[in-house]
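So this one's run-v1.csv, CSV, C-alpha atoms and all ligand atoms:
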chain,number,residue,atom,x,y,z
A,15,MET,CA,-18.0,5.3,18.9
A,16,SER,CA,-16.6,2.9,16.3
A,17,ILE,CA,-13.8,2.5,13.7
A,18,VAL,CA,-14.7,2.4,10.0
A,19,ALA,CA,-12.3,1.0,7.4
A,20,VAL,CA,-13.1,2.6,4.0
A,21,LEU,CA,-12.0,0.2,1.4
A,22,GLU,CA,-11.1,0.8,-2.2
A,23,GLN,CA,-12.4,-1.0,-5.2
A,24,ARG,CA,-12.2,-0.2,-8.9
A,25,SER,CA,-14.5,-1.8,-11.5
A,26,GLY,CA,-15.4,-4.5,-8.9
A,27,GLN,CA,-11.8,-5.4,-8.0
A,28,TRP,CA,-10.5,-4.8,-4.6
A,29,SER,CA,-7.3,-2.9,-4.0
A,30,ARG,CA,-5.1,-5.4,-2.2
A,31,MET,CA,-4.3,-2.7,0.5
A,32,SER,CA,-8.0,-2.6,1.4
A,33,PHE,CA,-7.7,-5.8,3.3
A,34,GLU,CA,-4.6,-4.6,5.2
A,35,THR,CA,-6.7,-1.6,6.3
A,36,LEU,CA,-9.6,-3.9,7.3
A,37,ALA,CA,-7.2,-6.0,9.4
A,38,ALA,CA,-5.8,-2.8,11.0
A,39,ALA,CA,-9.3,-1.7,11.9
A,40,GLN,CA,-10.1,-5.0,13.5
A,41,GLN,CA,-6.9,-5.0,15.6
A,42,ILE,CA,-7.2,-1.4,16.7
A,43,ALA,CA,-10.9,-1.9,17.6
A,44,LYS,CA,-10.1,-5.0,19.6
A,45,GLN,CA,-7.3,-3.2,21.5
A,46,LEU,CA,-9.6,-0.2,22.2
A,47,ASN,CA,-12.5,-2.3,23.1
A,48,ASP,CA,-14.4,-0.7,20.2
A,49,THR,CA,-16.2,-2.0,17.1
A,50,ALA,CA,-14.8,-2.2,13.6
A,51,SER,CA,-17.0,-1.7,10.5
A,52,ALA,CA,-16.2,-1.4,6.8
A,53,ALA,CA,-17.5,0.8,4.0
A,54,VAL,CA,-17.2,0.4,0.3
A,55,LEU,CA,-18.4,3.0,-2.3
A,56,GLY,CA,-19.5,2.4,-5.9
A,57,HIS,CA,-22.3,1.4,-8.1
A,58,GLY,CA,-23.4,-2.2,-8.3
A,59,ILE,CA,-21.2,-3.2,-5.3
A,60,SER,CA,-23.5,-5.7,-3.5
A,61,ALA,CA,-21.3,-8.6,-4.3
A,62,LEU,CA,-18.3,-6.8,-2.8
A,63,ALA,CA,-20.3,-5.9,0.3
A,64,GLN,CA,-21.4,-9.5,0.7
A,65,GLU,CA,-17.7,-10.5,0.6
A,66,LEU,CA,-17.1,-8.2,3.5
A,67,ALA,CA,-20.1,-9.6,5.4
A,68,SER,CA,-18.0,-12.7,6.0
A,69,LYS,CA,-15.5,-10.8,8.1
A,70,GLN,CA,-15.6,-10.0,11.8
A,71,LEU,CA,-17.3,-6.6,11.6
A,72,ALA,CA,-20.1,-4.8,13.4
A,73,LYS,CA,-21.5,-3.6,10.1
A,74,VAL,CA,-20.7,-3.3,6.4
A,75,TYR,CA,-21.8,0.0,4.7
A,76,ALA,CA,-22.4,-0.4,1.0
A,77,ILE,CA,-22.5,3.2,-0.3
A,78,GLU,CA,-24.4,2.8,-3.6
A,79,HIS,CA,-25.0,5.5,-6.1
A,80,GLU,CA,-24.7,5.7,-9.9
A,81,LEU,CA,-22.6,8.8,-9.5
A,82,LEU,CA,-20.1,6.8,-7.5
A,83,LYS,CA,-19.5,4.4,-10.4
A,84,ASP,CA,-16.4,6.3,-11.5
A,85,TYR,CA,-14.2,7.8,-8.9
A,86,THR,CA,-14.4,11.6,-8.4
A,87,PRO,CA,-13.1,13.4,-5.3
A,88,ASP,CA,-16.3,15.5,-5.1
A,89,ALA,CA,-18.7,12.5,-5.1
A,90,TYR,CA,-16.5,10.3,-2.8
A,91,SER,CA,-15.9,13.0,-0.2
A,92,LEU,CA,-19.6,14.1,-0.3
A,93,ALA,CA,-20.8,10.5,0.2
A,94,LEU,CA,-18.3,9.8,3.0
A,95,ARG,CA,-19.1,13.0,4.7
A,96,GLN,CA,-22.8,12.0,4.8
A,97,LEU,CA,-21.8,8.6,6.2
A,98,VAL,CA,-19.7,10.2,8.9
A,99,GLU,CA,-22.5,12.6,9.8
A,100,GLN,CA,-25.0,9.8,10.1
A,101,THR,CA,-22.9,7.2,11.9
A,102,LYS,CA,-20.5,9.3,13.8
A,103,PRO,CA,-17.5,7.0,13.9
A,104,SER,CA,-14.5,7.9,16.1
A,105,LEU,CA,-11.9,6.9,13.5
A,106,LEU,CA,-11.9,6.2,9.8
A,107,LEU,CA,-9.0,4.3,8.3
A,108,PHE,CA,-8.1,4.2,4.6
A,109,PRO,CA,-5.4,2.5,2.5
A,110,HIS,CA,-2.8,5.0,1.5
A,111,THR,CA,-3.5,4.7,-2.2
A,112,TYR,CA,-3.3,7.4,-4.9
A,113,GLN,CA,-7.1,7.7,-4.8
A,114,VAL,CA,-7.2,8.2,-1.1
A,115,ARG,CA,-4.4,10.7,-1.3
A,116,ASP,CA,-6.6,12.6,-3.7
A,117,PHE,CA,-9.8,12.8,-1.7
A,118,LEU,CA,-8.9,12.3,2.0
A,119,PRO,CA,-7.6,15.8,2.6
A,120,LYS,CA,-10.7,17.2,1.0
A,121,LEU,CA,-13.0,15.0,3.1
A,122,ALA,CA,-11.2,15.8,6.4
A,123,THR,CA,-11.1,19.5,5.7
A,124,SER,CA,-14.8,19.6,4.8
A,125,LEU,CA,-15.4,18.3,8.4
A,126,ASN,CA,-12.8,20.7,9.9
A,127,LYS,CA,-10.7,17.6,11.0
A,128,VAL,CA,-7.2,16.5,10.3
A,129,ALA,CA,-6.0,13.4,8.5
A,130,VAL,CA,-2.8,11.6,9.4
A,131,SER,CA,-1.3,10.1,6.3
A,132,ASP,CA,1.0,7.2,5.6
A,133,VAL,CA,0.8,5.5,8.9
A,134,VAL,CA,3.2,2.6,9.4
A,135,GLY,CA,2.0,1.2,12.7
A,136,HIS,CA,0.3,2.0,16.0
A,137,ARG,CA,0.2,1.3,19.7
A,138,ILE,CA,-2.2,1.9,22.5
A,139,GLU,CA,-1.0,4.1,25.4
A,140,ASN,CA,-3.2,4.8,28.4
A,141,GLY,CA,-6.1,3.6,26.4
A,142,LYS,CA,-5.4,6.0,23.6
A,143,LEU,CA,-4.4,5.4,20.1
A,144,VAL,CA,-0.9,6.4,19.0
A,145,LEU,CA,-0.2,6.4,15.3
A,146,VAL,CA,3.3,6.1,13.9
A,147,ARG,CA,4.3,7.7,10.7
A,148,GLN,CA,7.7,8.4,9.1
A,149,LEU,CA,9.4,11.7,8.3
A,150,PHE,CA,12.4,12.7,6.2
A,151,GLN,CA,12.1,9.7,3.9
A,152,GLY,CA,12.0,7.1,6.7
A,153,LYS,CA,14.9,8.5,8.8
A,154,VAL,CA,12.6,9.4,11.7
A,155,ASN,CA,9.5,7.8,13.1
A,156,VAL,CA,7.0,10.2,14.8
A,157,ASP,CA,4.2,9.4,17.2
A,158,MET,CA,0.9,11.1,16.6
A,159,ARG,CA,-2.1,11.4,18.8
A,160,PHE,CA,-5.5,12.9,18.0
A,161,THR,CA,-6.3,15.5,20.6
A,162,ALA,CA,-9.6,16.6,19.1
A,163,ASP,CA,-12.8,14.5,19.3
A,164,GLY,CA,-13.5,12.3,16.3
A,165,PRO,CA,-14.2,11.6,13.6
A,166,ASN,CA,-10.5,11.3,13.0
A,167,PHE,CA,-8.9,10.1,9.8
A,168,ALA,CA,-5.8,8.1,8.9
A,169,SER,CA,-4.4,6.4,5.9
A,170,LEU,CA,-2.2,3.3,6.2
A,171,GLN,CA,1.0,2.6,4.2
A,172,ALA,CA,1.1,-0.5,2.0
A,173,GLY,CA,2.5,-3.5,4.0
A,174,ALA,CA,2.1,-1.8,7.4
A,175,TYR,CA,-0.6,-4.4,8.3
A,176,ARG,CA,-1.1,-7.9,7.2
A,177,ALA,CA,-4.2,-8.9,5.3
A,178,ASP,CA,-3.8,-12.5,6.2
A,179,GLN,CA,-4.5,-11.6,9.8
A,180,LEU,CA,-8.1,-10.6,9.0
A,181,ALA,CA,-10.6,-12.3,11.3
A,182,ALA,CA,-13.6,-14.0,9.7
A,183,GLY,CA,-17.1,-13.7,11.1
A,184,THR,CA,-20.5,-12.5,10.0
A,185,ALA,CA,-21.6,-8.9,9.6
A,186,PRO,CA,-24.9,-7.2,8.5
A,187,VAL,CA,-24.8,-5.2,5.3
A,188,GLU,CA,-26.5,-1.8,5.3
A,189,THR,CA,-27.0,-0.2,1.9
A,190,VAL,CA,-26.6,3.6,2.1
A,191,THR,CA,-27.8,5.9,-0.6
A,192,PRO,CA,-26.0,9.3,-0.4
A,193,GLN,CA,-27.6,12.5,-1.6
A,194,ILE,CA,-25.4,13.4,-4.6
A,195,SER,CA,-26.5,15.2,-7.8
A,196,ALA,CA,-24.6,15.6,-11.0
A,197,ALA,CA,-24.1,19.3,-10.2
A,198,ASP,CA,-22.0,18.4,-7.1
A,199,ILE,CA,-19.4,16.8,-9.4
A,200,ARG,CA,-17.0,19.3,-11.0
A,201,ILE,CA,-14.9,17.0,-13.0
A,202,ARG,CA,-15.7,14.3,-15.6
A,203,PRO,CA,-13.5,11.3,-15.4
A,204,LEU,CA,-12.3,10.2,-18.8
A,205,GLU,CA,-11.0,6.7,-19.7
A,206,LEU,CA,-8.4,5.3,-17.3
A,207,PHE,CA,-5.0,4.9,-18.7
A,208,ARG,CA,-1.6,3.8,-17.5
A,209,GLU,CA,1.5,5.9,-17.8
A,210,SER,CA,2.9,3.6,-20.4
A,211,GLN,CA,1.7,0.6,-22.2
A,212,ARG,CA,3.9,-1.8,-20.3
A,213,ALA,CA,3.2,-0.3,-16.9
A,214,VAL,CA,3.5,-2.7,-14.1
A,215,ASP,CA,1.8,-2.5,-10.7
A,216,LEU,CA,4.6,-3.6,-8.4
A,217,THR,CA,2.4,-2.9,-5.4
A,218,ALA,CA,0.3,-5.9,-6.3
A,219,ALA,CA,3.3,-8.3,-6.8
A,220,GLU,CA,3.8,-11.1,-4.4
A,221,LEU,CA,7.4,-11.8,-5.3
A,222,ILE,CA,9.9,-9.1,-6.4
A,223,VAL,CA,13.5,-9.5,-7.5
A,224,SER,CA,15.1,-6.1,-7.4
A,225,VAL,CA,18.4,-5.1,-9.0
A,226,GLY,CA,20.8,-2.4,-8.0
A,227,ARG,CA,24.0,-0.8,-9.2
A,228,GLY,CA,26.0,-3.9,-8.2
A,229,ILE,CA,24.8,-5.3,-11.6
A,230,LYS,CA,27.4,-3.0,-13.2
A,231,GLU,CA,26.3,-3.1,-16.9
A,232,PRO,CA,22.8,-2.9,-18.5
A,233,GLU,CA,23.5,-6.2,-20.4
A,234,ASN,CA,23.8,-8.0,-17.0
A,235,ILE,CA,20.2,-7.2,-16.1
A,236,ALA,CA,19.2,-10.2,-18.2
A,237,LEU,CA,20.8,-12.4,-15.5
A,238,VAL,CA,18.5,-11.0,-12.8
A,239,GLN,CA,15.5,-11.1,-15.1
A,240,LYS,CA,16.2,-14.8,-15.5
A,241,LEU,CA,16.1,-15.3,-11.7
A,242,ALA,CA,12.8,-13.3,-11.5
A,243,ASP,CA,11.4,-15.5,-14.3
A,244,ALA,CA,12.5,-18.7,-12.6
A,245,LEU,CA,10.8,-17.5,-9.4
A,246,GLY,CA,7.7,-16.1,-11.2
A,247,ALA,CA,8.6,-12.7,-9.7
A,248,GLU,CA,8.3,-9.1,-11.0
A,249,LEU,CA,11.6,-7.4,-11.7
A,250,ALA,CA,12.2,-4.1,-9.9
A,251,ALA,CA,15.2,-1.8,-9.4
A,252,SER,CA,16.9,0.9,-7.3
A,253,ARG,CA,16.8,4.4,-8.6
A,254,PRO,CA,20.2,4.5,-10.3
A,255,ILE,CA,19.2,1.7,-12.6
A,256,CYS,CA,16.0,3.5,-13.7
A,257,ASP,CA,17.8,6.9,-13.8
A,258,ALA,CA,20.3,5.3,-16.2
A,259,GLY,CA,17.4,4.1,-18.4
A,260,TRP,CA,18.4,0.4,-17.9
A,261,LEU,CA,14.9,-0.3,-16.7
A,262,PRO,CA,11.7,1.8,-17.0
A,263,MET,CA,10.9,4.2,-14.1
A,264,GLU,CA,7.7,2.3,-13.3
A,265,ARG,CA,10.0,-0.4,-11.9
A,266,GLN,CA,11.7,1.8,-9.4
A,267,VAL,CA,11.2,1.1,-5.7
A,268,GLY,CA,11.8,3.7,-3.1
A,269,SER,CA,10.8,7.1,-1.8
A,270,SER,CA,10.6,8.5,-5.3
A,271,GLY,CA,9.4,5.2,-6.8
A,272,GLN,CA,6.8,2.7,-5.8
A,273,THR,CA,6.1,1.4,-2.2
A,274,VAL,CA,5.9,-2.4,-2.4
A,275,ALA,CA,4.9,-5.0,0.2
A,276,PRO,CA,5.5,-8.4,-1.5
A,277,LYS,CA,5.7,-11.7,0.4
A,278,MET,CA,9.4,-11.8,-0.6
A,279,TYR,CA,11.7,-9.0,-1.8
A,280,LEU,CA,15.0,-10.2,-3.1
A,281,ALA,CA,17.5,-7.4,-3.4
A,282,VAL,CA,20.4,-8.1,-5.7
A,283,GLY,CA,23.4,-5.7,-5.5
A,284,ILE,CA,21.4,-3.0,-3.7
A,285,SER,CA,23.1,-1.2,-0.9
A,286,GLY,CA,19.9,-0.4,1.0
A,287,ALA,CA,20.0,3.4,1.1
A,288,ILE,CA,17.2,4.9,3.3
A,289,GLN,CA,15.4,6.1,0.2
A,290,HIS,CA,15.3,2.6,-1.2
A,291,GLN,CA,14.3,1.0,2.2
A,292,VAL,CA,11.3,3.4,2.5
A,293,GLY,CA,9.8,1.7,-0.5
A,294,MET,CA,10.3,-2.0,0.5
A,295,LYS,CA,10.7,-2.4,4.2
A,296,GLY,CA,7.0,-3.4,4.4
A,297,SER,CA,8.0,-6.7,2.6
A,298,ARG,CA,7.1,-9.8,4.5
A,299,THR,CA,10.6,-11.4,3.9
A,300,VAL,CA,13.6,-9.6,2.7
A,301,VAL,CA,16.5,-11.5,1.1
A,302,ALA,CA,19.7,-9.6,0.1
A,303,ILE,CA,22.7,-10.6,-2.0
A,304,ASN,CA,25.6,-8.2,-1.6
A,305,LYS,CA,29.3,-8.6,-1.6
A,306,ASP,CA,29.7,-6.0,1.2
A,307,ALA,CA,28.8,-7.6,4.6
A,308,ASN,CA,28.3,-4.1,6.0
A,309,ALA,CA,25.8,-3.0,3.4
A,310,PRO,CA,22.8,-1.4,5.2
A,311,ILE,CA,20.4,-3.7,3.4
A,312,PHE,CA,21.5,-6.5,5.7
A,313,GLU,CA,20.1,-4.6,8.7
A,314,ILE,CA,16.6,-5.2,7.4
A,315,ALA,CA,17.2,-8.5,5.6
A,316,ASP,CA,15.7,-11.7,7.0
A,317,TYR,CA,18.2,-13.7,4.9
A,318,GLY,CA,21.4,-12.5,3.6
A,319,ILE,CA,24.0,-13.9,1.2
A,320,VAL,CA,27.4,-12.1,1.4
A,321,GLY,CA,28.9,-12.8,-2.0
A,322,ASP,CA,29.4,-11.8,-5.6
A,323,LEU,CA,26.0,-11.7,-7.3
A,324,PHE,CA,27.6,-13.0,-10.6
A,325,GLN,CA,28.3,-16.2,-8.7
A,326,VAL,CA,25.3,-16.4,-6.5
A,327,VAL,CA,22.5,-15.6,-8.9
A,328,PRO,CA,23.4,-18.3,-11.5
A,329,GLU,CA,23.5,-20.9,-8.7
A,330,LEU,CA,20.1,-19.7,-7.4
A,331,ILE,CA,18.6,-19.9,-10.9
A,332,ASP,CA,19.9,-23.5,-11.1
A,333,ALA,CA,18.5,-24.4,-7.7
A,334,VAL,CA,15.1,-22.9,-8.4
A,335,GLN,CA,14.9,-24.7,-11.8
A,336,LYS,CA,15.9,-28.0,-10.2
A,337,LEU,CA,13.2,-27.6,-7.6
A,338,LYS,CA,10.6,-27.1,-10.3
A,339,GLN,CA,11.6,-30.2,-12.2
B,401,LIG,C1,15.6,12.7,-3.0
B,401,LIG,C2,16.1,11.3,-3.3
B,401,LIG,C3,15.2,10.3,-3.6
B,401,LIG,C4,15.7,9.0,-3.9
B,401,LIG,N1,14.8,8.1,-4.2
B,401,LIG,C5,15.2,6.8,-4.4
B,401,LIG,C6,14.3,5.8,-4.7
B,401,LIG,O1,13.1,6.0,-4.8
B,401,LIG,N2,14.8,4.5,-4.9
B,401,LIG,C7,16.1,4.2,-4.7
B,401,LIG,O2,16.5,3.1,-4.9
B,401,LIG,N3,17.0,5.2,-4.4
B,401,LIG,C8,16.6,6.5,-4.3
B,401,LIG,N4,17.5,7.5,-4.1
B,401,LIG,C9,19.0,7.1,-4.2
B,401,LIG,C10,19.5,6.5,-3.0
B,401,LIG,O3,20.0,7.5,-2.1
B,401,LIG,C11,20.7,5.6,-3.4
B,401,LIG,O4,21.7,6.3,-4.1
B,401,LIG,C12,20.3,4.4,-4.2
B,401,LIG,O5,19.3,3.7,-3.6
B,401,LIG,C13,21.5,3.5,-4.4
B,401,LIG,O6,21.2,2.4,-5.3
B,401,LIG,P1,22.0,1.1,-5.3
B,401,LIG,O7,21.8,0.4,-4.0
B,401,LIG,O8,21.5,0.3,-6.5
B,401,LIG,O9,23.5,1.5,-5.6
B,401,LIG,P2,24.7,1.6,-4.6
B,401,LIG,O10,24.4,2.3,-3.4
B,401,LIG,O11,25.9,2.0,-5.4
B,401,LIG,O12,24.9,0.1,-4.1
B,401,LIG,C14,25.4,-0.9,-4.9
B,401,LIG,C15,25.6,-2.2,-4.1
B,401,LIG,O13,25.9,-3.3,-4.9
B,401,LIG,C16,26.9,-4.0,-4.2
B,401,LIG,N5,27.7,-4.7,-5.1
B,401,LIG,C17,28.6,-4.2,-6.1
B,401,LIG,N6,29.1,-5.2,-6.8
B,401,LIG,C18,28.5,-6.4,-6.4
B,401,LIG,C19,28.6,-7.7,-6.8
B,401,LIG,N7,29.4,-8.1,-7.8
B,401,LIG,N8,27.8,-8.6,-6.1
B,401,LIG,C20,27.0,-8.3,-5.1
B,401,LIG,N9,26.9,-7.0,-4.7
B,401,LIG,C21,27.6,-6.1,-5.3
B,401,LIG,C22,27.7,-3.0,-3.4
B,401,LIG,O14,28.4,-3.6,-2.3
B,401,LIG,C23,26.7,-2.0,-3.0
B,401,LIG,O15,26.1,-2.3,-1.7
B,401,LIG,C24,17.1,8.8,-3.8
B,401,LIG,C25,18.0,9.8,-3.4
B,401,LIG,C26,17.5,11.0,-3.1
B,401,LIG,C27,18.5,12.1,-2.7
Would you write out, as structure tokens, the structure that this file holds?
Ligand SMILES: Cc1cc2nc3c(=O)[nH]c(=O)nc-3n(C[C@H](O)[C@H](O)[C@H](O)COP(=O)(O)OP(=O)(O)OC[C@H]3O[C@@H](n4cnc5c(N)ncnc54)[C@H](O)[C@@H]3O)c2cc1C
Amino acid sequence: MSIVAVLEQRSGQWSRMSFETLAAAQQIAKQLNDTASAAVLGHGISALAQELASKQLAKVYAIEHELLKDYTPDAYSLALRQLVEQTKPSLLLFPHTYQVRDFLPKLATSLNKVAVSDVVGHRIENGKLVLVRQLFQGKVNVDMRFTADGPNFASLQAGAYRADQLAAGTAPVETVTPQISAADIRIRPLELFRESQRAVDLTAAELIVSVGRGIKEPENIALVQKLADALGAELAASRPICDAGWLPMERQVGSSGQTVAPKMYLAVGISGAIQHQVGMKGSRTVVAINKDANAPIFEIADYGIVGDLFQVVPELIDAVQKLKQ
């Protein structure tokens, strides 16, 4: 019985959420008196596997095959099914990325098992794992227990676990060569593209300044952009700002936008509707500027400034610029 964190890489670059998943696997394994291992799939991934060998893990599985060079759901689920059949882990954890959303249901179904998606936390009750996930756009938290024997599957939401809590150690690397043939793969990946040329990956941003309807006019966004620039932060927005076309959709945070987990999320003139909170409450530190002391954003803010953003933001820009001098 063991827990395996299946990590995501693309062209040799880790997905940041991979290390959150690895930290979760370590924590859950420790609490269940179990072992945690890691698996990475791809072609030419020995350097990545070696990087994992410096973590506190029972084993690192480097699943190597030239047909895993480019992601396809067929090859990934086939390779992982073989790993599961050979190593018989009790639980496999994945980061809740777009790629995982694509292949995890297929993998779980191929083994006649269920996958719990979008997990935001866990606890141990009577020696058993209870996973917490959200329903109705974050309005309700539900507890989920696996009643069937493993292997069980779960994907973890961005920001639910902290990568900086990863425990270091040494782990042996086992290279696994799955049986995959070209005939198993029914799609041919073409060149990767982003939705638009200026697409931004807010999920990777460490600092985010986010603007809401409190900004009133599109021309005023420049003020918040100036604050973001001073802090070296990405600019994001609530949905009305993107719906109005004041910022591109790729900058929207929330249930119908991106889910982000920066070190700091600074919400400027955002009320903190549940659909917005769903996308940012995994942030390490939330700072809010809002003129309404009863705005829901203050319920999840670590630091709050009740005031008019048109007074507060210029003062903040000044303060940040002075600190940098
Ligand atoms: C199915 C569905 C999906 C949705 N998906 C998303 C989503 O992905 N992301 C998202 O953000 N929303 C989403 N929404 C919309 C969501 O319900 C809210 O309407 C939206 O988040 C509100 O945006 P806001 O906070 O910018 O605006 P408002 O709720 O209008 O809040 C503006 C805030 O600015 C403050 N303010 C005004 N003037 C100033 C000033 N001068 N100084 C300081 N503060 C000021 C006000 O006090 C207020 O709190 C969704 C809704 C639905 C139904």
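Among the candidate residues A:Arg265, A:Lys142, A:Lys44, A:Lys127, the one lying nearest to ligand LIG 401 (chain B) is A:Arg265, with distances computed using only C-alpha atoms and all ligand atoms.
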(message) Taking all atoms listed in the file and a cut-off of 9 Å, can you tell me which residues surround ligand LIG 401 (chain B), written as a PyMOL selection string?
(response) chain A and resi 151+225-230+251-256+266-273+281-293+303-311+319-326
(request) Measure the distance from CA of Glu248 in chain A to CA of Ile222 in chain A in Å and round it to one decimal. (result) 4.9 Å
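If you measure from each of A:Glu22, A:Val134, A:Tyr175, A:Val327 to Leu149 in chain A using all atoms listed in the file, the closest one turns out to be A:Val134.
The environment of Met31 in chain A within 10 Å, counting only C-alpha atoms and disregarding residues fewer than 2 places along the same chain, consists of Leu21, Glu22, Trp28, Ser29, Phe33, Glu34, Thr35, Leu36, Ala37, Phe108, Pro109, His110, Thr111, Leu170, Gln171, Ala172, Gly173, Ala174, Tyr175, Arg176, Ala177, Thr217, Ala218 and Ala275 of chain A.
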(request) Would you list the residues near (-16.6, -1.9, -6.1) (no more than 10 Å away, in the coordinates of the file, using all atoms listed in the file) as a PyMOL selection string? (result) chain A and resi 21-29+54-63+76-78+82-84
(message) Using only C-alpha atoms, which protein or nucleic acid residues come within 8 Å of Ala93 in chain A? Drop anything in the same chain fewer than 4 positions from it, and give the result as a count of residues only.
(response) 6
(request) Kindly indicate which residue among A:Asn234, A:Ser131, A:Ser224, A:Ser104 lies nearest to Tyr279 in chain A, using only C-alpha atoms for the distances. (result) A:Ser224
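Residues in contact with Glu188 in chain A at 8 Å, where only C-alpha atoms are counted and same-chain residues fewer than 4 positions away are skipped, are listed as Lys73, Val74, Tyr75 and Ala76 of chain A.
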Take the residues just selected and output them with C-alpha atoms as an mmCIF file, in the coordinates of the input.
data_model
loop_
_atom_site.group_PDB
_atom_site.id
_atom_site.type_symbol
_atom_site.label_atom_id
_atom_site.label_comp_id
_atom_site.auth_asym_id
_atom_site.auth_seq_id
_atom_site.Cartn_x
_atom_site.Cartn_y
_atom_site.Cartn_z
ATOM 1 C CA LYS A 73 -21.500 -3.600 10.100
ATOM 2 C CA VAL A 74 -20.700 -3.300 6.400
ATOM 3 C CA TYR A 75 -21.800 0.000 4.700
ATOM 4 C CA ALA A 76 -22.400 -0.400 1.000
#
(request) Provide the CA of Ala162 in chain A to CA of Phe117 in chain A distance in Å, to one decimal place. (result) 21.1 Å
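As for CA of Ala258 in chain A and CA of Val214 in chain A, they are spaced 18.7 Å apart.
Checking A:Pro87, A:Pro328, A:Pro119, A:Gly164 one by one against Lys240 in chain A, counting all atoms listed in the file, you find the shortest gap at A:Pro328.
You can rank A:Thr184, A:Ser124, A:Gln335, A:Ser51 by their closest distance to Leu94 in chain A using only C-alpha atoms, and at the top of that list sits A:Ser124.
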(message) Just want the 10 Å neighbourhood of Met158 in chain A, counted on all atoms listed in the file, with same-chain residues fewer than 2 positions away dropped. Output as JSON, numbers by chain.
(response) {"A": [130, 133, 136, 143, 144, 145, 146, 147, 155, 156, 160, 161]}
(message) My list of candidates is A:Gln41, A:Ser297, A:Thr86, A:Thr101. Which is closest to Pro203 in chain A when distances are computed with only C-alpha atoms?
(response) A:Thr86
Written record: range 289-329 of chain A, C-alpha atoms, as a compact mmCIF listing (two decimals), in the first residue's frame:
# COMPACT_ATOMS: atom_id res chain seq x y z
CA GLN A 289 -17.68 32.96 -7.92
CA HIS A 290 -14.65 35.22 -7.57
CA GLN A 291 -13.48 33.71 -4.28
CA VAL A 292 -13.51 30.20 -5.78
CA GLY A 293 -10.70 31.28 -8.06
CA MET A 294 -8.43 33.01 -5.53
CA LYS A 295 -9.00 31.76 -2.03
CA GLY A 296 -6.02 29.43 -2.31
CA SER A 297 -3.79 32.54 -2.33
CA ARG A 298 -1.24 32.58 0.48
CA THR A 299 -2.02 36.16 1.52
CA VAL A 300 -5.08 38.13 0.46
CA VAL A 301 -5.08 41.91 0.66
CA ALA A 302 -8.26 43.84 -0.14
CA ILE A 303 -8.98 47.49 -0.81
CA ASN A 304 -12.68 48.28 -0.74
CA LYS A 305 -14.69 51.27 0.40
CA ASP A 306 -17.40 49.01 1.86
CA ALA A 307 -16.31 47.57 5.23
CA ASN A 308 -18.95 44.85 4.85
CA ALA A 309 -17.74 43.61 1.44
CA PRO A 310 -17.43 39.78 1.54
CA ILE A 311 -13.81 39.99 0.35
CA PHE A 312 -12.85 41.13 3.86
CA GLU A 313 -14.04 37.78 5.25
CA ILE A 314 -11.15 36.03 3.52
CA ALA A 315 -8.64 38.91 3.49
CA ASP A 316 -5.54 38.72 5.68
CA TYR A 317 -5.10 42.48 5.37
CA GLY A 318 -7.85 44.92 4.51
CA ILE A 319 -7.92 48.61 3.72
CA VAL A 320 -11.37 50.17 3.98
CA GLY A 321 -11.11 53.20 1.76
CA ASP A 322 -11.49 54.76 -1.65
CA LEU A 323 -9.18 53.00 -4.07
CA PHE A 324 -8.57 56.26 -5.92
CA GLN A 325 -6.88 57.56 -2.76
CA VAL A 326 -5.33 54.33 -1.51
CA VAL A 327 -3.77 53.02 -4.74
CA PRO A 328 -1.71 56.15 -5.59
CA GLU A 329 -0.38 56.17 -2.02
